[in-house]
Each structure stands twice: as C-alpha cells, then as structure tokens.
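Source file structure-v2.csv; content: CSV, C-alpha atoms.
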```csv
chain,number,residue,atom,x,y,z
S,5,MET,CA,-63.5,0.3,-13.2
S,6,ARG,CA,-63.3,0.9,-16.9
S,7,HIS,CA,-62.0,-2.6,-17.9
S,8,GLY,CA,-60.2,-2.8,-21.2
S,9,THR,CA,-59.8,0.9,-21.5
S,10,ARG,CA,-57.3,3.5,-20.4
S,11,LYS,CA,-57.2,3.8,-16.6
S,12,ASN,CA,-56.4,6.7,-14.3
S,13,ILE,CA,-53.8,5.2,-11.8
S,14,LEU,CA,-52.2,6.7,-8.8
S,15,VAL,CA,-48.8,5.3,-7.7
S,16,ALA,CA,-47.8,6.4,-4.2
S,17,GLY,CA,-44.0,6.1,-3.9
S,18,GLY,CA,-43.8,6.4,-7.7
S,19,ALA,CA,-40.4,8.0,-7.7
S,20,GLY,CA,-38.8,5.1,-5.8
S,21,PHE,CA,-36.9,2.2,-7.1
S,22,VAL,CA,-39.8,-0.1,-7.8
S,23,GLY,CA,-42.4,2.6,-8.1
S,24,SER,CA,-40.6,4.4,-11.0
S,25,HIS,CA,-40.4,1.1,-13.0
S,26,LEU,CA,-44.1,0.5,-12.3
S,27,CYS,CA,-44.9,4.0,-13.6
S,28,ASP,CA,-42.9,3.3,-16.8
S,29,ALA,CA,-44.9,0.0,-17.3
S,30,LEU,CA,-48.3,1.6,-16.6
S,31,LEU,CA,-47.6,4.5,-19.0
S,32,ALA,CA,-46.4,2.0,-21.7
S,33,GLY,CA,-49.8,0.2,-21.3
S,34,GLY,CA,-51.6,3.4,-22.3
S,35,ASN,CA,-52.7,4.6,-18.9
S,36,LYS,CA,-52.7,8.0,-17.2
S,37,VAL,CA,-50.4,8.0,-14.1
S,38,ILE,CA,-50.3,10.3,-11.1
S,39,CYS,CA,-47.1,9.8,-9.1
S,40,VAL,CA,-47.2,10.8,-5.5
S,41,ASP,CA,-43.8,11.0,-3.7
S,42,SER,CA,-42.2,12.9,-0.8
S,43,TYR,CA,-38.7,12.1,-2.1
S,44,LEU,CA,-37.9,11.0,1.4
S,45,THR,CA,-35.8,8.1,0.3
S,46,SER,CA,-36.4,8.2,-3.5
S,47,SER,CA,-34.9,10.4,-6.2
S,48,PRO,CA,-36.5,12.7,-8.8
S,49,ASP,CA,-33.9,11.3,-11.2
S,50,ASN,CA,-35.9,8.1,-11.4
S,51,ILE,CA,-38.9,9.8,-13.0
S,52,ARG,CA,-37.0,12.6,-14.9
S,53,PRO,CA,-37.4,10.8,-18.3
S,54,LEU,CA,-41.2,11.0,-17.7
S,55,GLN,CA,-41.5,14.7,-16.9
S,56,ASN,CA,-42.7,15.6,-20.4
S,57,HIS,CA,-45.0,12.6,-20.9
S,58,PRO,CA,-48.5,14.0,-21.5
S,59,ASP,CA,-50.1,11.3,-19.3
S,60,PHE,CA,-47.8,11.7,-16.3
S,61,THR,CA,-48.3,14.0,-13.3
S,62,VAL,CA,-46.2,14.3,-10.2
S,63,ILE,CA,-47.5,15.4,-6.8
S,64,GLU,CA,-44.8,16.0,-4.2
S,65,GLN,CA,-46.5,15.0,-0.9
S,66,ASP,CA,-46.2,12.7,2.1
S,67,ILE,CA,-49.0,10.2,2.2
S,68,CYS,CA,-49.3,10.8,5.9
S,69,ASP,CA,-51.1,14.0,4.8
S,70,ALA,CA,-54.5,13.4,3.2
S,71,LEU,CA,-54.5,13.6,-0.6
S,72,ASP,CA,-57.2,15.6,-2.4
S,73,ILE,CA,-57.4,14.2,-5.9
S,74,ARG,CA,-60.4,15.5,-7.8
S,75,GLU,CA,-60.1,13.6,-11.1
S,76,PRO,CA,-61.5,10.1,-11.2
S,77,LEU,CA,-59.2,7.2,-10.1
S,78,ASP,CA,-59.5,3.6,-11.2
S,79,GLN,CA,-56.5,2.1,-9.3
S,80,ILE,CA,-54.2,3.1,-6.5
S,81,TYR,CA,-50.8,1.3,-5.9
S,82,ASN,CA,-49.3,2.0,-2.5
S,83,LEU,CA,-45.5,1.6,-2.6
S,84,ALA,CA,-44.8,4.6,-0.3
S,85,CYS,CA,-42.6,3.6,2.6
S,86,PRO,CA,-38.8,3.5,3.3
S,87,ALA,CA,-37.9,-0.1,2.5
S,88,SER,CA,-34.3,-0.6,3.7
S,89,PRO,CA,-33.1,-0.8,7.4
S,90,PRO,CA,-30.9,2.3,7.4
S,91,PHE,CA,-33.7,4.4,5.9
S,92,TYR,CA,-36.7,3.0,7.9
S,93,GLN,CA,-34.8,3.0,11.2
S,94,ALA,CA,-33.6,6.6,10.7
S,95,ASP,CA,-37.1,7.8,11.7
S,96,PRO,CA,-38.9,4.7,13.0
S,97,ILE,CA,-42.0,6.6,14.1
S,98,HIS,CA,-42.5,8.2,10.7
S,99,THR,CA,-42.0,4.8,9.1
S,100,MET,CA,-44.7,3.3,11.3
S,101,MET,CA,-47.1,6.1,10.6
S,102,THR,CA,-46.4,5.9,6.8
S,103,SER,CA,-47.7,2.4,6.9
S,104,VAL,CA,-50.7,3.1,9.2
S,105,THR,CA,-51.8,6.7,8.7
S,106,GLY,CA,-50.5,6.8,5.1
S,107,THR,CA,-52.2,3.6,4.1
S,108,GLY,CA,-55.4,4.7,5.9
S,109,ASN,CA,-55.4,7.9,3.9
S,110,LEU,CA,-55.0,6.1,0.6
S,111,LEU,CA,-57.7,3.6,1.4
S,112,ARG,CA,-60.1,6.4,2.1
S,113,LEU,CA,-59.1,7.9,-1.2
S,114,ALA,CA,-59.8,4.6,-2.9
S,115,ALA,CA,-63.2,4.3,-1.2
S,116,ARG,CA,-64.2,7.8,-2.4
S,117,HIS,CA,-63.2,7.0,-6.0
S,118,GLY,CA,-64.3,3.4,-6.1
S,119,ALA,CA,-60.8,2.5,-7.0
S,120,SER,CA,-59.0,-0.8,-6.7
S,121,PHE,CA,-56.2,-0.7,-4.2
S,122,LEU,CA,-52.9,-2.6,-4.1
S,123,GLN,CA,-50.8,-2.6,-1.0
S,124,ALA,CA,-47.1,-3.3,-1.3
S,125,SER,CA,-46.4,-5.4,1.8
S,126,THR,CA,-43.2,-7.3,2.5
S,127,SER,CA,-41.6,-10.6,3.3
S,128,GLU,CA,-40.6,-8.8,6.6
S,129,VAL,CA,-44.1,-9.6,7.9
S,130,TYR,CA,-42.7,-13.2,8.4
S,131,GLY,CA,-39.9,-11.8,10.6
S,132,ASP,CA,-37.1,-14.3,11.2
S,133,PRO,CA,-39.2,-17.2,10.0
S,134,GLU,CA,-39.5,-20.6,11.7
S,135,GLU,CA,-41.2,-22.0,8.6
S,136,HIS,CA,-39.3,-22.4,5.3
S,137,PRO,CA,-40.1,-21.6,2.6
S,138,GLN,CA,-42.6,-19.0,3.6
S,139,ARG,CA,-46.2,-19.6,2.6
S,140,GLU,CA,-48.8,-16.9,2.8
S,141,ASP,CA,-50.7,-18.8,5.6
S,142,TYR,CA,-47.7,-18.5,7.9
S,143,TRP,CA,-48.3,-15.9,10.6
S,144,GLY,CA,-44.7,-15.0,11.1
S,145,HIS,CA,-42.1,-14.7,13.9
S,146,VAL,CA,-41.6,-11.0,14.5
S,147,ASN,CA,-40.1,-9.1,17.4
S,148,CYS,CA,-42.7,-6.4,17.9
S,149,ILE,CA,-40.3,-4.1,20.0
S,150,GLY,CA,-37.1,-4.6,18.1
S,151,PRO,CA,-35.3,-2.1,15.8
S,152,ARG,CA,-36.9,-3.5,12.7
S,153,ALA,CA,-40.4,-3.5,14.2
S,154,CYS,CA,-41.4,0.0,12.8
S,155,TYR,CA,-41.3,-1.6,9.4
S,156,ASP,CA,-42.3,-5.2,10.1
S,157,GLU,CA,-45.2,-4.3,12.3
S,158,GLY,CA,-46.1,-1.2,10.3
S,159,LYS,CA,-46.6,-3.4,7.2
S,160,ARG,CA,-48.5,-6.0,9.2
S,161,ALA,CA,-50.9,-3.3,10.4
S,162,ALA,CA,-51.3,-2.0,6.9
S,163,GLU,CA,-52.3,-5.4,5.7
S,164,THR,CA,-54.9,-5.5,8.5
S,165,LEU,CA,-56.3,-2.1,7.3
S,166,CYS,CA,-56.5,-3.5,3.7
S,167,PHE,CA,-58.3,-6.7,4.6
S,168,ASP,CA,-60.7,-5.0,7.0
S,169,SER,CA,-61.5,-2.5,4.2
S,170,LEU,CA,-62.1,-5.4,1.9
S,171,ARG,CA,-64.2,-7.4,4.3
S,172,THR,CA,-66.4,-4.4,5.1
S,173,GLY,CA,-67.0,-3.8,1.4
S,174,GLN,CA,-65.3,-0.4,1.4
S,175,VAL,CA,-62.4,-1.0,-1.0
S,176,ASP,CA,-61.4,-3.7,-3.5
S,177,ALA,CA,-58.0,-4.2,-1.7
S,178,ARG,CA,-55.2,-6.5,-2.7
S,179,VAL,CA,-52.0,-7.2,-0.8
S,180,VAL,CA,-48.6,-8.4,-2.2
S,181,ARG,CA,-45.8,-9.5,0.0
S,182,ILE,CA,-42.6,-8.5,-1.8
S,183,PHE,CA,-39.4,-10.5,-1.3
S,184,ASN,CA,-35.9,-9.1,-2.0
S,185,THR,CA,-36.0,-7.2,-5.3
S,186,TYR,CA,-33.0,-5.6,-7.1
S,187,GLY,CA,-32.2,-3.8,-10.3
S,188,PRO,CA,-31.4,-0.4,-11.8
S,189,ARG,CA,-32.4,2.7,-9.9
S,190,MET,CA,-31.6,1.3,-6.4
S,191,GLN,CA,-30.1,4.0,-4.2
S,192,PRO,CA,-26.3,3.3,-3.8
S,193,ASN,CA,-26.6,4.1,-0.1
S,194,ASP,CA,-29.8,2.3,0.7
S,195,GLY,CA,-28.1,-0.5,2.7
S,196,ARG,CA,-29.7,-3.3,0.7
S,197,ILE,CA,-27.4,-6.2,0.1
S,198,VAL,CA,-27.3,-6.2,-3.7
S,199,SER,CA,-26.6,-2.5,-3.9
S,200,ASN,CA,-24.1,-2.6,-1.1
S,201,LEU,CA,-22.0,-5.3,-2.5
S,202,ILE,CA,-22.0,-3.9,-6.1
S,203,VAL,CA,-21.1,-0.4,-5.0
S,204,GLN,CA,-18.4,-1.6,-2.7
S,205,ALA,CA,-16.9,-3.8,-5.5
S,206,LEU,CA,-17.0,-0.9,-8.0
S,207,ARG,CA,-15.2,1.3,-5.5
S,208,ASN,CA,-12.7,-1.3,-4.6
S,209,GLU,CA,-13.9,-1.2,-1.0
S,210,PRO,CA,-14.1,-4.4,1.1
S,211,LEU,CA,-17.3,-6.3,0.6
S,212,THR,CA,-19.1,-6.4,4.0
S,213,ILE,CA,-20.8,-9.5,5.1
S,214,TYR,CA,-22.7,-9.4,8.4
S,215,GLY,CA,-22.4,-12.7,10.3
S,216,ASP,CA,-20.9,-15.7,8.7
S,217,GLY,CA,-22.7,-15.2,5.4
S,218,ALA,CA,-24.7,-18.4,5.7
S,219,GLN,CA,-28.0,-16.6,5.9
S,220,THR,CA,-30.0,-16.9,2.8
S,221,ARG,CA,-32.1,-14.6,0.6
S,222,SER,CA,-34.0,-14.9,-2.7
S,223,PHE,CA,-33.5,-12.2,-5.3
S,224,CYS,CA,-36.2,-11.1,-7.7
S,225,TYR,CA,-35.3,-8.8,-10.6
S,226,VAL,CA,-37.4,-5.6,-10.8
S,227,SER,CA,-39.1,-6.3,-14.2
S,228,ASP,CA,-40.4,-9.6,-12.8
S,229,LEU,CA,-41.8,-7.9,-9.8
S,230,PHE,CA,-43.7,-5.1,-11.5
S,231,ASP,CA,-45.2,-7.6,-13.9
S,232,GLY,CA,-46.6,-9.5,-10.9
S,233,LEU,CA,-47.9,-6.3,-9.3
S,234,ILE,CA,-49.8,-5.4,-12.4
S,235,ARG,CA,-51.2,-8.9,-12.7
S,236,LEU,CA,-52.4,-8.9,-9.1
S,237,MET,CA,-54.1,-5.5,-9.4
S,238,ASN,CA,-56.0,-6.6,-12.5
S,239,VAL,CA,-56.8,-10.2,-11.7
S,240,GLN,CA,-60.6,-10.9,-11.4
S,241,PRO,CA,-62.1,-11.8,-9.1
S,242,ASN,CA,-60.1,-10.6,-6.2
S,243,ALA,CA,-59.2,-13.7,-4.2
S,244,GLY,CA,-59.0,-11.7,-1.0
S,245,LEU,CA,-55.7,-13.3,0.0
S,246,PRO,CA,-52.1,-12.0,0.3
S,247,VAL,CA,-49.8,-13.1,-2.5
S,248,ASN,CA,-46.0,-13.6,-2.3
S,249,LEU,CA,-44.0,-12.2,-5.1
S,250,GLY,CA,-40.3,-13.1,-5.3
S,251,ASN,CA,-37.8,-15.5,-6.8
S,252,PRO,CA,-37.7,-18.9,-5.1
S,253,GLY,CA,-34.1,-19.4,-6.0
S,254,GLU,CA,-32.2,-19.3,-2.6
S,255,PHE,CA,-28.6,-18.1,-2.2
S,256,THR,CA,-26.4,-17.5,0.8
S,257,ILE,CA,-25.0,-14.0,1.3
S,258,ALA,CA,-21.6,-15.5,0.8
S,259,GLU,CA,-22.6,-17.0,-2.5
S,260,LEU,CA,-23.9,-13.6,-3.6
S,261,ALA,CA,-20.7,-11.8,-2.6
S,262,GLU,CA,-18.6,-14.3,-4.6
S,263,MET,CA,-20.8,-13.8,-7.7
S,264,VAL,CA,-20.3,-10.0,-7.4
S,265,LEU,CA,-16.5,-10.5,-7.1
S,266,GLN,CA,-16.5,-12.7,-10.2
S,267,MET,CA,-18.6,-10.2,-12.3
S,268,VAL,CA,-17.0,-6.9,-11.2
S,269,PRO,CA,-13.3,-6.1,-12.0
S,270,THR,CA,-12.2,-5.1,-8.5
S,271,ARG,CA,-9.5,-5.3,-5.9
S,272,SER,CA,-12.1,-5.8,-3.2
S,273,THR,CA,-11.9,-8.6,-0.6
S,274,ILE,CA,-14.6,-9.9,1.8
S,275,ILE,CA,-14.7,-8.8,5.5
S,276,HIS,CA,-17.1,-9.9,8.2
S,277,LYS,CA,-19.0,-7.8,10.8
S,278,PRO,CA,-21.5,-8.7,13.5
S,279,LEU,CA,-25.0,-9.6,12.4
S,280,PRO,CA,-27.6,-6.8,13.1
S,281,PRO,CA,-30.4,-7.6,15.6
S,282,ASP,CA,-33.4,-9.6,14.3
S,283,ASP,CA,-31.8,-10.2,10.9
S,284,PRO,CA,-33.6,-13.1,9.2
S,285,GLN,CA,-31.6,-16.3,8.8
S,286,ARG,CA,-33.5,-17.8,5.9
S,287,ARG,CA,-35.8,-16.2,3.4
S,288,ARG,CA,-37.4,-17.8,0.4
S,289,PRO,CA,-41.0,-17.4,-0.9
S,290,ASP,CA,-43.4,-20.1,-1.7
S,291,ILE,CA,-45.0,-18.7,-4.9
S,292,SER,CA,-47.6,-21.4,-5.5
S,293,ARG,CA,-50.4,-18.9,-5.0
S,294,ALA,CA,-48.9,-16.5,-7.5
S,295,LYS,CA,-48.6,-19.3,-10.1
S,296,GLN,CA,-52.2,-20.4,-9.6
S,297,LEU,CA,-53.9,-17.0,-9.3
S,298,LEU,CA,-51.7,-14.8,-11.6
S,299,HIS,CA,-50.0,-17.4,-13.8
S,300,TRP,CA,-46.8,-15.6,-12.7
S,301,GLU,CA,-43.3,-16.7,-12.0
S,302,PRO,CA,-40.0,-14.9,-12.3
S,303,LYS,CA,-38.1,-15.1,-15.6
S,304,VAL,CA,-34.8,-13.3,-15.0
S,305,ALA,CA,-32.0,-15.5,-13.6
S,306,LEU,CA,-29.8,-13.9,-10.8
S,307,ALA,CA,-26.7,-13.9,-13.0
S,308,ASP,CA,-28.5,-12.0,-15.8
S,309,GLY,CA,-30.1,-9.5,-13.4
S,310,LEU,CA,-26.9,-8.9,-11.6
S,311,ALA,CA,-25.1,-8.2,-14.9
S,312,ARG,CA,-27.8,-5.5,-15.8
S,313,THR,CA,-27.6,-4.0,-12.3
S,314,ILE,CA,-23.8,-3.9,-12.3
S,315,ALA,CA,-23.8,-2.1,-15.7
S,316,TRP,CA,-26.3,0.5,-14.4
S,317,PHE,CA,-24.4,1.2,-11.2
S,318,SER,CA,-21.1,1.3,-13.1
S,319,GLN,CA,-22.5,4.0,-15.4
S,320,THR,CA,-24.3,5.9,-12.6
S,321,LEU,CA,-21.2,6.0,-10.4
S,322,ALA,CA,-19.1,7.2,-13.3
S,323,GLU,CA,-21.5,10.0,-14.1
S,324,LYS,CA,-22.1,11.0,-10.5
S,325,PRO,CA,-19.1,10.0,-8.3
S,326,VAL,CA,-20.8,11.3,-5.2
S,327,VAL,CA,-24.3,9.9,-5.6
S,328,GLU,CA,-25.2,9.2,-2.0
S,329,ARG,CA,-28.0,11.6,-1.3
S,330,ALA,CA,-29.2,12.3,2.2
S,331,ASN,CA,-32.8,12.5,3.0
S,332,ARG,CA,-33.7,16.1,3.1
S,333,ARG,CA,-35.0,15.9,6.6
S,334,ARG,CA,-34.1,12.6,8.3
S,335,ILE,CA,-31.6,10.3,6.6
S,336,PRO,CA,-27.9,10.9,7.3
S,337,ILE,CA,-25.3,10.0,4.7
S,338,LYS,CA,-23.2,7.0,5.5
S,339,SER,CA,-20.4,5.2,3.7
S,340,SER,CA,-21.7,2.0,2.0
S,341,THR,CA,-19.4,0.0,4.3
S,342,GLU,CA,-21.2,1.3,7.4
S,343,LEU,CA,-24.7,0.3,6.3
S,344,PRO,CA,-26.0,-3.0,7.6
S,345,LEU,CA,-27.2,-5.3,4.8
S,346,GLY,CA,-31.0,-5.2,4.8
S,347,ALA,CA,-33.6,-7.6,3.6
```

Could you write out this file's structure as structure tokens?
Amino acid sequence: MRHGTRKNILVAGGAGFVGSHLCDALLAGGNKVICVDSYLTSSPDNIRPLQNHPDFTVIEQDICDALDIREPLDQIYNLACPASPPFYQADPIHTMMTSVTGTGNLLRLAARHGASFLQASTSEVYGDPEEHPQREDYWGHVNCIGPRACYDEGKRAAETLCFDSLRTGQVDARVVRIFNTYGPRMQPNDGRIVSNLIVQALRNEPLTIYGDGAQTRSFCYVSDLFDGLIRLMNVQPNAGLPVNLGNPGEFTIAELAEMVLQMVPTRSTIIHKPLPPDDPQRRRPDISRAKQLLHWEPKVALADGLARTIAWFSQTLAEKPVVERANRRRIPIKSSTELPLGA
C-alpha cells in the first residue's frame, strides 16, 4: 500500500447508487478509480459525468466472472450486489452467487495484488432482530429459507469469506454493515422506502405503507455513508471486526410518510397493504464501534437529507418522466405502488 500517495482503487458496483458517490469522492481525493459494473440494477447515468475524467475507467462486467486486472491495485471496494427486495428477489440464485462467487473472485484479485479489501455488507445480516439496537456482536435472527434469504444469507456468507481470508493472512479484509441509506441517484423503481414514498408523492399516487407503519428504520444520508466507507478502508491497523454504519436516529415508517407529505406538494394520501414476509420490525444501528475506531458519526439530519433527495427526484422525474428502467436480463418494471418497501 502506497500510504499518503495516489492509489489505484477498484470499485465493484461503482455505477450504483452508493458506488457512484464513492467513485466521485475517491477521484476528488486524487486517486485513480476503476469502476466495475454489470448495470444489472444500476445506471450508466450515475457515472456519465465521470466519463472524460483522466483517472476514471469503466469495465462492464459481472463479478461472478473472474476479473483480469493487470495494473497494480491498492484497494478494492465491493459494493456489487442488488440491494433492494424487488431487485434481489427477481433472480435470487444470481443474488446469492454475486455475494459468494463474486466476493470470492474479488478476494482472489485482492490477494494477487496485495490490495486492501472492503466488503459492503448489510444490516440484513441481523434479520428481524430480537436485540435492539443492533450491535456488531449480535449474531442475528435470519430465516435462511425465506424470500429474503438470498440476500441476507448471501451477505453473511460473504462476511465469512472475508474474515477467513483475513485470518489466514491472504487479504487485508474489512467489513461494513450498512443500514438504510438514501439520497440522490437512487433508482425510482428500486422498492426502497425513501424512494418509493418520494416518487409516489411527486406523482400524486397513494403513499403505500406495508403493515401498520409502526415498524422502524434508521436513515443515513449517502454522503455520511461514503465518508465512513473511506475511513474504514484506510484506518490502521485493521481491527478485524465488522463495523455498523448508519444513522442511529429511529423513525417509524408512518412518521417518514408524514414527513414526505409535509415536504412534497402533493394530492397523495396514505394507504396500507399487508406486510411482506420476514420484514424487520425494528432496525437501528449501535455505532459505538464506528465512533471509537473511525471517529465517525453521521452529520446530515433526516429532514435535510430528505429535502436534497426530494429536489433530486423532482428534477429527474421532470427531465425523464418514464425513468423506471428494467434490468436488461432479469428485472421486470413495476409501478412504484406495486413494490414492497425494502430495508
């Protein structure tokens, strides 16, 4: 690792919502960035402003296929996996293999290059938690054969690969467990709760709440998240422990819907539908470890982040009225009112 100098960094899933923001930040830090993405659930639009950047390269490839990168790599971030229930359930076997085969391929690449590796895991490894808030030493409450298992168990298996690679001395691997994150560049049809409610409000459609709306989530703005990702990748020494990144502010789904109604000029009302299977009832991170190891905590309040996200969606929907894009091979287009609200 060339500490204190320009680094060669590979970002798998770099055209995605979080990945594209991470690419922006890494380039702004003077690094060279290779973005690898299959565009399965991401959009080339997210990285279009970077196309002419001299230090930015794009490789269109699925990480389930082994990558052959000849130039030296200092760091690899793995953010490549569908992350919302409608997307990851559309092809559950591919979702699982992205976490297992894909992560294995990237770890082998990191081992060949002597690169540090950061795995984007998820709060979904805690399942529908029986402990609240969720600490990293909680082992979770996951249905391993349910409709969300392809993602939940896939990410748990990816964590195992990372920590086994670290314990055996093959890769300097780090694991972050990401809680609900939102902001510009979310897909309007991704089924996540923030994007669903904002898009529905902007279109004057009913705001769909699944269940009674008493289930809770914690919402982290994307700029806070990628700051934490970069800090975890670069912290020395590697503590060898998973780290929660998220905003510990806890809101019910009903409270979030009311905030959106107050912030968006709309004729929308709220409707209720049955809760999807295995949907977590409470979700809030304990970020004590991130505070101690990374000196990190989120700075953007939910109201401020929502205002920025609403402004972005408002402009995007005005410019491209039909913005829902299907996955080229697997993901069917659905109306935003048909998509279950994901974690």

Proximity check range 162-236 of chain S to range 67-86 of chain S, 10 Å, nearest pairs one decimal Å, all atoms listed in the file, as JSON lines:
```
{"residue": "S:Asp176", "atom": "CA", "partner": "S:Gln79", "partner_atom": "CA", "distance": 9.6}
{"residue": "S:Ala177", "atom": "CA", "partner": "S:Ile80", "partner_atom": "CA", "distance": 9.5}
{"residue": "S:Arg178", "atom": "CA", "partner": "S:Tyr81", "partner_atom": "CA", "distance": 9.5}
{"residue": "S:Val179", "atom": "CA", "partner": "S:Asn82", "partner_atom": "CA", "distance": 9.7}
{"residue": "S:Asp194", "atom": "CA", "partner": "S:Pro86", "partner_atom": "CA", "distance": 9.4}
{"residue": "S:Leu233", "atom": "CA", "partner": "S:Tyr81", "partner_atom": "CA", "distance": 8.8}
{"residue": "S:Ile234", "atom": "CA", "partner": "S:Tyr81", "partner_atom": "CA", "distance": 9.4}
```

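Proximity to Gly253 in chain S was assessed for S:Thr99, S:Thr220, S:Thr270, S:Ser120 counting all atoms listed in the file; the smallest distance is recorded for S:Thr220.
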
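Ranking S:Thr164, S:Ser127, S:Ser227, S:Thr105 by their shortest atom-to-atom distance to Cys27 in chain S, with all atoms listed in the file included, puts S:Ser227 first.
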
#### Entry: Nearest residue to Tyr186 in chain S from the set S:Arg293, S:Lys324, S:Arg287, S:Arg312 (distances using only C-alpha atoms)
S:Arg312

### Message
Set the distance at 10 Å and use all atoms listed in the file: which residues neighbour Val268 in chain S once local chain neighbours fewer than 2 positions away are removed? I'd like the list as a PyMOL selection string.
### Response
chain S and resi 202-203+205-206+208+263-266+270-272+311+314-315+318

For C-alpha atoms, I'd like the residues from the last selection saved as a PDB file, keeping the file's coordinate frame.
```pdb
ATOM      1  CA  ILE S 202     -22.000  -3.900  -6.100  1.00  0.00           C
ATOM      2  CA  VAL S 203     -21.100  -0.400  -5.000  1.00  0.00           C
ATOM      3  CA  ALA S 205     -16.900  -3.800  -5.500  1.00  0.00           C
ATOM      4  CA  LEU S 206     -17.000  -0.900  -8.000  1.00  0.00           C
ATOM      5  CA  ASN S 208     -12.700  -1.300  -4.600  1.00  0.00           C
ATOM      6  CA  MET S 263     -20.800 -13.800  -7.700  1.00  0.00           C
ATOM      7  CA  VAL S 264     -20.300 -10.000  -7.400  1.00  0.00           C
ATOM      8  CA  LEU S 265     -16.500 -10.500  -7.100  1.00  0.00           C
ATOM      9  CA  GLN S 266     -16.500 -12.700 -10.200  1.00  0.00           C
ATOM     10  CA  THR S 270     -12.200  -5.100  -8.500  1.00  0.00           C
ATOM     11  CA  ARG S 271      -9.500  -5.300  -5.900  1.00  0.00           C
ATOM     12  CA  SER S 272     -12.100  -5.800  -3.200  1.00  0.00           C
ATOM     13  CA  ALA S 311     -25.100  -8.200 -14.900  1.00  0.00           C
ATOM     14  CA  ILE S 314     -23.800  -3.900 -12.300  1.00  0.00           C
ATOM     15  CA  ALA S 315     -23.800  -2.100 -15.700  1.00  0.00           C
ATOM     16  CA  SER S 318     -21.100   1.300 -13.100  1.00  0.00           C
TER      17      SER S 318
END
```

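CA of Trp316 in chain S is positioned 14.8 Å from CA of Pro269 in chain S.
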
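CA of Arg235 in chain S to CA of Gly106 in chain S spans 23.7 Å [interatomic distance, one decimal].
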
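Minimum atom-to-atom distances from S:Glu64, S:Asp290, S:Asp308, S:Glu262 to Glu135 in chain S were compared using only C-alpha atoms, and the lowest value belongs to S:Asp290.
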
#### Entry: Residue neighbourhood Gly158 in chain S, 8 Å, all atoms listed in the file, exclusion window fewer than 6 positions, as a PyMOL selection string
chain S and resi 99-104

With C-alpha atoms kept, could you save the residues just selected as a PDB file, in the frame of the given file?
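Generated output (part.pdb):
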```
ATOM      1  CA  THR S  99     -42.000   4.800   9.100  1.00  0.00           C
ATOM      2  CA  MET S 100     -44.700   3.300  11.300  1.00  0.00           C
ATOM      3  CA  MET S 101     -47.100   6.100  10.600  1.00  0.00           C
ATOM      4  CA  THR S 102     -46.400   5.900   6.800  1.00  0.00           C
ATOM      5  CA  SER S 103     -47.700   2.400   6.900  1.00  0.00           C
ATOM      6  CA  VAL S 104     -50.700   3.100   9.200  1.00  0.00           C
TER       7      VAL S 104
END
```

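Here CA of Arg139 in chain S is placed at a distance of 17.9 Å from CA of Thr185 in chain S.
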
### Query
Hey, which of S:Gln319, S:Asp283, S:Leu170, S:Ser222 ends up closest to Ala243 in chain S? Count only C-alpha atoms.
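Checking each candidate against Ala243 in chain S, we get S:Leu170 as the closest.
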
For range 209-326 of chain S against range 140-145 of chain S, with a cut-off of 10 Å and counting all atoms listed in the file, what is the closest atom pair and its distance in Å to one decimal for every residue that makes the cut, ordered by chain and number, as a Markdown table?
```
| residue | atom | partner | partner_atom | distance |
| --- | --- | --- | --- | --- |
| S:Leu245 | CA | S:Glu140 | CA | 8.3 |
| S:Pro246 | CA | S:Glu140 | CA | 6.4 |
| S:Val247 | CA | S:Glu140 | CA | 6.6 |
| S:Asn248 | CA | S:Glu140 | CA | 6.7 |
| S:Pro284 | CA | S:His145 | CA | 9.8 |
| S:Pro289 | CA | S:Glu140 | CA | 8.6 |
| S:Asp290 | CA | S:Glu140 | CA | 7.7 |
| S:Ile291 | CA | S:Glu140 | CA | 8.8 |
| S:Ser292 | CA | S:Glu140 | CA | 9.5 |
| S:Arg293 | CA | S:Glu140 | CA | 8.2 |
```

#### Entry: Selection: 8 Å around Leu111 in chain S, only C-alpha atoms, excl. self and same-chain fewer than 3 positions, as a PyMOL selection string
chain S and resi 107-108+114-115+121+166+169+175

### Task
Pick out the closest residue to Asn251 in chain S from this set: S:Ile97, S:Ala162, S:Cys224, S:Met237. Count all atoms listed in the file.
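Closest to Asn251 in chain S, using all atoms listed in the file: S:Cys224.
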
I'd like a table as a Markdown table: residues in range 157-275 of chain S with an atom no more than 12 Å from range 42-49 of chain S, each row giving the shortest atom pair and its distance in Å to one decimal, all atoms listed in the file counted, sorted by chain and rising residue number.
```
| residue | atom | partner | partner_atom | distance |
| --- | --- | --- | --- | --- |
| S:Pro188 | CA | S:Asp49 | CA | 12.0 |
| S:Arg189 | CA | S:Asp49 | CA | 8.8 |
| S:Met190 | CA | S:Ser46 | CA | 8.9 |
| S:Gln191 | CA | S:Ser46 | CA | 7.6 |
| S:Pro192 | CA | S:Ser46 | CA | 11.2 |
| S:Asn193 | CA | S:Thr45 | CA | 10.0 |
| S:Asp194 | CA | S:Thr45 | CA | 8.4 |
| S:Gly195 | CA | S:Thr45 | CA | 11.8 |
```

Selection near Cys148 in chain S, 8 Å with all atoms listed in the file, sequence-local residues under 5 positions removed, as a PDB file with C-alpha atoms, keeping the file's coordinate frame:
```
ATOM      1  CA  ALA S 153     -40.400  -3.500  14.200  1.00  0.00           C
ATOM      2  CA  ASP S 156     -42.300  -5.200  10.100  1.00  0.00           C
ATOM      3  CA  GLU S 157     -45.200  -4.300  12.300  1.00  0.00           C
TER       4      GLU S 157
END
```
